[in-house]
>>> print(open('run.pdb').read())   # PDB, C-alpha atoms
ATOM      1  CA  MET A   1     -56.497  41.661 -57.291
ATOM      2  CA  THR A   2     -53.698  42.606 -54.984
ATOM      3  CA  ALA A   3     -52.524  40.269 -52.340
ATOM      4  CA  ALA A   4     -52.215  41.631 -48.849
ATOM      5  CA  ARG A   5     -48.580  42.075 -48.078
ATOM      6  CA  ALA A   6     -47.512  40.830 -44.697
ATOM      7  CA  SER A   7     -45.102  43.265 -43.165
ATOM      8  CA  SER A   8     -42.337  41.768 -41.126
ATOM      9  CA  PRO A   9     -42.088  43.067 -37.586
ATOM     10  CA  ARG A  10     -39.132  45.365 -37.042
ATOM     11  CA  ARG A  11     -36.608  44.249 -34.506
ATOM     12  CA  PRO A  12     -35.397  46.864 -32.087
ATOM     13  CA  GLY A  13     -31.727  47.677 -32.138
ATOM     14  CA  TRP A  14     -29.274  48.517 -34.873
ATOM     15  CA  PRO A  15     -30.506  49.136 -38.403
ATOM     16  CA  ARG A  16     -30.275  46.234 -40.782
ATOM     17  CA  ALA A  17     -27.539  47.860 -42.904
ATOM     18  CA  TRP A  18     -25.321  48.329 -39.844
ATOM     19  CA  ARG A  19     -25.688  44.684 -38.837
ATOM     20  CA  ARG A  20     -24.986  43.547 -42.385
ATOM     21  CA  ASN A  21     -21.812  45.670 -42.652
ATOM     22  CA  ALA A  22     -20.584  45.403 -39.047
ATOM     23  CA  GLU A  23     -17.651  43.167 -39.965
ATOM     24  CA  GLY A  24     -16.336  45.715 -42.456
ATOM     25  CA  TYR A  25     -16.708  48.507 -39.908
ATOM     26  CA  LEU A  26     -14.731  46.481 -37.376
ATOM     27  CA  PHE A  27     -11.931  45.950 -39.887
ATOM     28  CA  ALA A  28     -11.828  49.721 -40.583
ATOM     29  CA  LEU A  29     -11.872  50.624 -36.876
ATOM     30  CA  PRO A  30      -8.067  50.450 -36.340
ATOM     31  CA  TRP A  31      -7.568  52.896 -39.210
ATOM     32  CA  PHE A  32     -10.050  55.356 -37.688
ATOM     33  CA  VAL A  33      -8.432  55.051 -34.242
ATOM     34  CA  GLY A  34      -5.020  55.696 -35.785
ATOM     35  CA  PHE A  35      -6.320  58.593 -37.856
ATOM     36  CA  PHE A  36      -7.970  60.387 -34.963
ATOM     37  CA  GLY A  37      -5.359  59.500 -32.356
ATOM     38  CA  LEU A  38      -2.176  59.909 -34.351
ATOM     39  CA  LEU A  39      -3.095  62.623 -36.849
ATOM     40  CA  LEU A  40      -5.909  64.826 -35.625
ATOM     41  CA  GLY A  41      -4.907  64.712 -31.948
ATOM     42  CA  PRO A  42      -1.433  66.181 -32.470
ATOM     43  CA  MET A  43      -2.832  68.713 -34.951
ATOM     44  CA  VAL A  44      -5.310  70.030 -32.386
ATOM     45  CA  ALA A  45      -2.625  70.058 -29.662
ATOM     46  CA  SER A  46      -0.208  72.027 -31.845
ATOM     47  CA  LEU A  47      -2.962  74.497 -32.711
ATOM     48  CA  ALA A  48      -3.667  75.024 -29.002
ATOM     49  CA  ILE A  49       0.048  75.449 -28.232
ATOM     50  CA  SER A  50       0.430  77.972 -31.055
ATOM     51  CA  PHE A  51      -2.040  80.274 -29.286
ATOM     52  CA  SER A  52      -0.206  80.064 -25.958
ATOM     53  CA  THR A  53       3.100  80.974 -24.366
ATOM     54  CA  TYR A  54       4.784  77.743 -23.461
ATOM     55  CA  ASP A  55       8.060  76.718 -21.923
ATOM     56  CA  VAL A  56       9.131  73.461 -20.325
ATOM     57  CA  ILE A  57       8.980  74.647 -16.702
ATOM     58  CA  ASN A  58       5.686  76.609 -16.601
ATOM     59  CA  PRO A  59       2.281  75.441 -17.817
ATOM     60  CA  PRO A  60       0.998  76.956 -21.072
ATOM     61  CA  ARG A  61      -0.598  80.398 -20.771
ATOM     62  CA  TRP A  62      -3.207  81.479 -23.339
ATOM     63  CA  VAL A  63      -2.134  84.610 -25.250
ATOM     64  CA  GLY A  64      -4.441  84.368 -28.253
ATOM     65  CA  LEU A  65      -3.230  86.041 -31.444
ATOM     66  CA  ALA A  66      -0.230  87.716 -29.734
ATOM     67  CA  ASN A  67       2.065  85.001 -31.143
ATOM     68  CA  PHE A  68       1.081  85.914 -34.662
TER      69      PHE A  68
END
>>> encode(input="run.pdb", output="structure tokens")
Amino acid sequence: MTAARASSPRRPGWPRAWRRNAEGYLFALPWFVGFFGLLLGPMVASLAISFSTYDVINPPRWVGLANF
């Protein structure tokens, strides 16, 4: 004989694993903000500047692969 298994009703909202690990994610958040803001941001900006003609007075002008 198998007993009928009562399924617990699912609560709407975040998955259970996210709620259980939310404190760890919040502790890691400053690292992710620093990584994306201080590492990837300047890398993308320098890549964009490398494909443009740029001086201090005039705004950057896109030249594509002409710099290379």
>>> resolve_selection(input="run.pdb", expression="the PyMOL selection byres ((chain A and resi 66) around 12)", output="list in words")
Ser50, Phe51, Ser52, Thr53, Arg61, Trp62, Val63, Gly64, Leu65, Asn67 and Phe68 of chain A
>>> atom_distance(input="run.pdb", atom1="CA of Phe27 in chain A", atom2="CA of Val44 in chain A")
26.1 Å
>>> atom_distance(input="run.pdb", atom1="CA of Phe35 in chain A", atom2="CA of Pro60 in chain A")
25.9 Å
>>> atom_distance(input="run.pdb", atom1="CA of Ala17 in chain A", atom2="CA of Leu29 in chain A")
17.0 Å
